[in-house]
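Novice: Data file coords06.cif (mmCIF, C-alpha atoms) is appended below.
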data_run
loop_
_atom_site.group_PDB
_atom_site.id
_atom_site.type_symbol
_atom_site.label_atom_id
_atom_site.label_comp_id
_atom_site.auth_asym_id
_atom_site.auth_seq_id
_atom_site.Cartn_x
_atom_site.Cartn_y
_atom_site.Cartn_z
ATOM 1 C CA MET O 972 98.047 91.938 83.664
ATOM 2 C CA PRO O 973 99.265 89.426 86.276
ATOM 3 C CA ILE O 974 102.032 90.621 88.591
ATOM 4 C CA TRP O 975 104.422 87.843 87.531
ATOM 5 C CA GLU O 976 104.308 89.150 83.934
ATOM 6 C CA LYS O 977 105.059 92.793 84.775
ATOM 7 C CA TYR O 978 108.522 94.264 84.208
ATOM 8 C CA THR O 979 108.274 96.762 87.082
ATOM 9 C CA LEU O 980 106.267 96.616 90.289
ATOM 10 C CA THR O 981 105.192 99.292 92.713
ATOM 11 C CA ILE O 982 106.340 98.928 96.308
ATOM 12 C CA GLU O 983 102.881 97.624 97.226
ATOM 13 C CA GLU O 984 102.871 95.034 94.414
ATOM 14 C CA ALA O 985 106.434 93.946 95.170
ATOM 15 C CA ALA O 986 105.632 93.548 98.875
ATOM 16 C CA LYS O 987 102.787 91.171 98.033
ATOM 17 C CA TYR O 988 104.690 89.320 95.304
ATOM 18 C CA PHE O 989 107.903 88.785 97.287
ATOM 19 C CA ARG O 990 106.211 88.642 100.710
ATOM 20 C CA ILE O 991 108.458 91.362 102.094
ATOM 21 C CA GLY O 992 107.127 94.317 104.077
ATOM 22 C CA GLU O 993 106.628 97.596 102.263
ATOM 23 C CA SER O 994 108.767 99.483 104.772
ATOM 24 C CA LYS O 995 111.592 96.947 104.342
ATOM 25 C CA LEU O 996 111.489 97.343 100.553
ATOM 26 C CA ARG O 997 111.570 101.139 100.834
ATOM 27 C CA LYS O 998 114.500 100.902 103.257
ATOM 28 C CA LEU O 999 116.419 98.563 100.908
ATOM 29 C CA ALA O 1000 115.842 100.896 97.962
ATOM 30 C CA GLU O 1001 116.882 104.006 99.887
ATOM 31 C CA GLU O 1002 119.968 102.489 101.590
ATOM 32 C CA ASN O 1003 121.536 100.947 98.485
ATOM 33 C CA PRO O 1004 123.378 103.472 96.317
ATOM 34 C CA VAL O 1005 121.919 103.178 92.808
ATOM 35 C CA PRO O 1006 120.698 99.585 92.952
ATOM 36 C CA ASP O 1007 120.144 98.054 89.495
ATOM 37 C CA TRP O 1008 116.740 96.712 90.583
ATOM 38 C CA VAL O 1009 115.210 100.151 91.288
ATOM 39 C CA MET O 1010 113.777 102.589 88.781
ATOM 40 C CA MET O 1011 112.414 105.982 89.775
ATOM 41 C CA ASN O 1012 109.182 107.136 88.129
ATOM 42 C CA GLY O 1013 109.054 110.749 89.232
ATOM 43 C CA ASN O 1014 109.184 110.398 93.002
ATOM 44 C CA ARG O 1015 107.769 106.860 92.996
ATOM 45 C CA ILE O 1016 109.992 103.814 93.405
ATOM 46 C CA GLN O 1017 109.487 101.022 90.882
ATOM 47 C CA ILE O 1018 111.038 97.601 91.500
ATOM 48 C CA LYS O 1019 112.443 95.800 88.445
ATOM 49 C CA ARG O 1020 111.018 92.354 89.120
ATOM 50 C CA LYS O 1021 113.597 90.122 87.397
ATOM 51 C CA GLN O 1022 116.611 92.085 88.685
ATOM 52 C CA PHE O 1023 115.198 92.043 92.227
ATOM 53 C CA GLU O 1024 114.660 88.266 91.971
ATOM 54 C CA LYS O 1025 118.332 87.874 90.965
ATOM 55 C CA MET O 1026 119.425 90.049 93.892
ATOM 56 C CA ILE O 1027 117.332 88.000 96.322
ATOM 57 C CA ASP O 1028 118.940 84.795 95.030
ATOM 58 C CA THR O 1029 122.413 86.101 95.915
ATOM 59 C CA VAL O 1030 121.776 87.209 99.514
ATOM 60 C CA ASP O 1031 121.459 85.092 102.650
ATOM 61 C CA ALA O 1032 119.004 87.350 104.487
ATOM 62 C CA ILE O 1033 117.001 90.474 103.829
#
Give the structure from this file in structure tokens form.
Specialist:
Amino acid sequence: MPIWEKYTLTIEEAAKYFRIGESKLRKLAEENPVPDWVMMNGNRIQIKRKQFEKMIDTVDAI
């Protein structure tokens, strides 16, 4: 399945898709209290692609 059709992405997939470093994505997920674009799968962080795209559209810099 192509990445742009997936509902959730791993940190590695999201880093490639959004062209943001993996460590930056992990930091964003850990620093934001209960962000609506993160879903935990056990101890793994999953990025909700569409919600993260909306969040990116509203910020000036990451």
Novice: For range 1005-1013 of chain O, please output as a JSON list (two decimals) with C-alpha atoms, in the coordinates of the input all residues within 6 Å (counting all atoms listed in the file; exclusion window: fewer than 5 positions along the same chain).
Specialist:
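Saved as around30.json:
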[["chain", "number", "residue", "atom", "x", "y", "z"],
["O", 1018, "ILE", "CA", 111.04, 97.60, 91.50],
["O", 1019, "LYS", "CA", 112.44, 95.80, 88.44],
["O", 1022, "GLN", "CA", 116.61, 92.08, 88.68],
["O", 1023, "PHE", "CA", 115.20, 92.04, 92.23]]
Novice: Which of these residues is nearest to Leu996 in chain O, using only C-alpha atoms: O:Glu1024, O:Pro973, O:Ile1033, O:Tyr978?
Specialist: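 Counting only C-alpha atoms, the residue closest to Leu996 in chain O is O:Ile1033.
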Novice: Tell me which protein, DNA and RNA residues are within 10 Å of Lys1021 in chain O, counting all atoms listed in the file, leaving out same-chain ones fewer than 4 positions away, and put them as a list in words.
Specialist: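 Counting only the stated atoms, we get Trp975, Glu976, Lys977, Tyr978, Thr979, Trp1008, Lys1025, Met1026 and Ile1027 of chain O.
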Novice: Give the answer as one residue: which of O:Gln1017, O:Leu999, O:Pro1004, O:Val1030 has the shortest atom-to-atom distance to Glu983 in chain O, using all atoms listed in the file?
Specialist: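 Closest residue, counting all atoms listed in the file: O:Gln1017.
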Novice: At what distance in Å, to one decimal, does CA of Met972 in chain O lie from CA of Thr1029 in chain O?
Specialist: 27.9 Å
Novice: So, with only C-alpha atoms as the atoms that count, which of O:Ile974, O:Ala1032, O:Ala1000, O:Ala986 lies closest to Ile1016 in chain O?
Specialist: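 The shortest atom-to-atom distance to Ile1016 in chain O comes from O:Ala1000.
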Novice: With 3 Å on each side, where is the centre of the axis-aligned box around all listed atoms of range 984-1002 of chain O, and how long are its edges in Å to one decimal, as JSON?
Specialist:
{"center_x": 111.4, "center_y": 96.3, "center_z": 99.6, "size_x": 23.2, "size_y": 21.4, "size_z": 16.4}
Novice: Report, in Å to a single decimal, how far apart CA of Thr981 in chain O and CA of Asn1014 in chain O are.
Specialist: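 For CA of Asn1014 in chain O relative to CA of Thr981 in chain O, the distance reads 11.8 Å.
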Novice: If I only have part of range 995-1016 of chain O, can you fill in N, CA and C atoms and write it as a compact mmCIF listing (two decimals), in the coordinates of the input?
Specialist:
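That gives us out.txt:
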# COMPACT_ATOMS: atom_id res chain seq x y z
N LYS O 995 110.28 97.59 104.58
CA LYS O 995 111.59 96.95 104.34
C LYS O 995 112.05 97.19 102.91
N LEU O 996 111.14 97.09 101.95
CA LEU O 996 111.49 97.34 100.55
C LEU O 996 111.93 98.79 100.35
N ARG O 997 111.19 99.72 100.95
CA ARG O 997 111.57 101.14 100.83
C ARG O 997 112.96 101.37 101.44
N LYS O 998 113.21 100.75 102.58
CA LYS O 998 114.50 100.90 103.26
C LYS O 998 115.62 100.34 102.38
N LEU O 999 115.42 99.16 101.79
CA LEU O 999 116.42 98.56 100.91
C LEU O 999 116.71 99.47 99.72
N ALA O 1000 115.67 100.04 99.13
CA ALA O 1000 115.84 100.90 97.96
C ALA O 1000 116.56 102.19 98.32
N GLU O 1001 116.27 102.74 99.49
CA GLU O 1001 116.88 104.01 99.89
C GLU O 1001 118.31 103.84 100.40
N GLU O 1002 118.63 102.70 101.02
CA GLU O 1002 119.97 102.49 101.59
C GLU O 1002 121.00 102.07 100.57
N ASN O 1003 120.59 101.41 99.49
CA ASN O 1003 121.54 100.95 98.48
C ASN O 1003 121.80 102.06 97.47
N PRO O 1004 123.07 102.42 97.30
CA PRO O 1004 123.38 103.47 96.32
C PRO O 1004 123.18 102.94 94.89
N VAL O 1005 122.24 103.50 94.20
CA VAL O 1005 121.92 103.18 92.81
C VAL O 1005 121.81 101.66 92.56
N PRO O 1006 120.87 101.02 93.22
CA PRO O 1006 120.70 99.58 92.95
C PRO O 1006 120.15 99.37 91.54
N ASP O 1007 120.59 98.30 90.87
CA ASP O 1007 120.14 98.05 89.50
C ASP O 1007 118.71 97.54 89.43
N TRP O 1008 118.11 97.23 90.56
CA TRP O 1008 116.74 96.71 90.58
C TRP O 1008 115.71 97.78 90.91
N VAL O 1009 116.13 99.04 91.00
CA VAL O 1009 115.21 100.15 91.29
C VAL O 1009 115.17 101.11 90.11
N MET O 1010 113.96 101.57 89.80
CA MET O 1010 113.78 102.59 88.78
C MET O 1010 112.85 103.64 89.38
N MET O 1011 113.24 104.90 89.25
CA MET O 1011 112.41 105.98 89.78
C MET O 1011 111.47 106.46 88.68
N ASN O 1012 110.21 106.60 89.02
CA ASN O 1012 109.18 107.14 88.13
C ASN O 1012 108.68 108.40 88.79
N GLY O 1013 109.33 109.51 88.49
CA GLY O 1013 109.05 110.75 89.23
C GLY O 1013 109.60 110.58 90.64
N ASN O 1014 108.73 110.63 91.63
CA ASN O 1014 109.18 110.40 93.00
C ASN O 1014 108.74 109.03 93.51
N ARG O 1015 108.22 108.20 92.62
CA ARG O 1015 107.77 106.86 93.00
C ARG O 1015 108.84 105.82 92.68
N ILE O 1016 109.03 104.90 93.59
CA ILE O 1016 109.99 103.81 93.40
C ILE O 1016 109.30 102.68 92.67
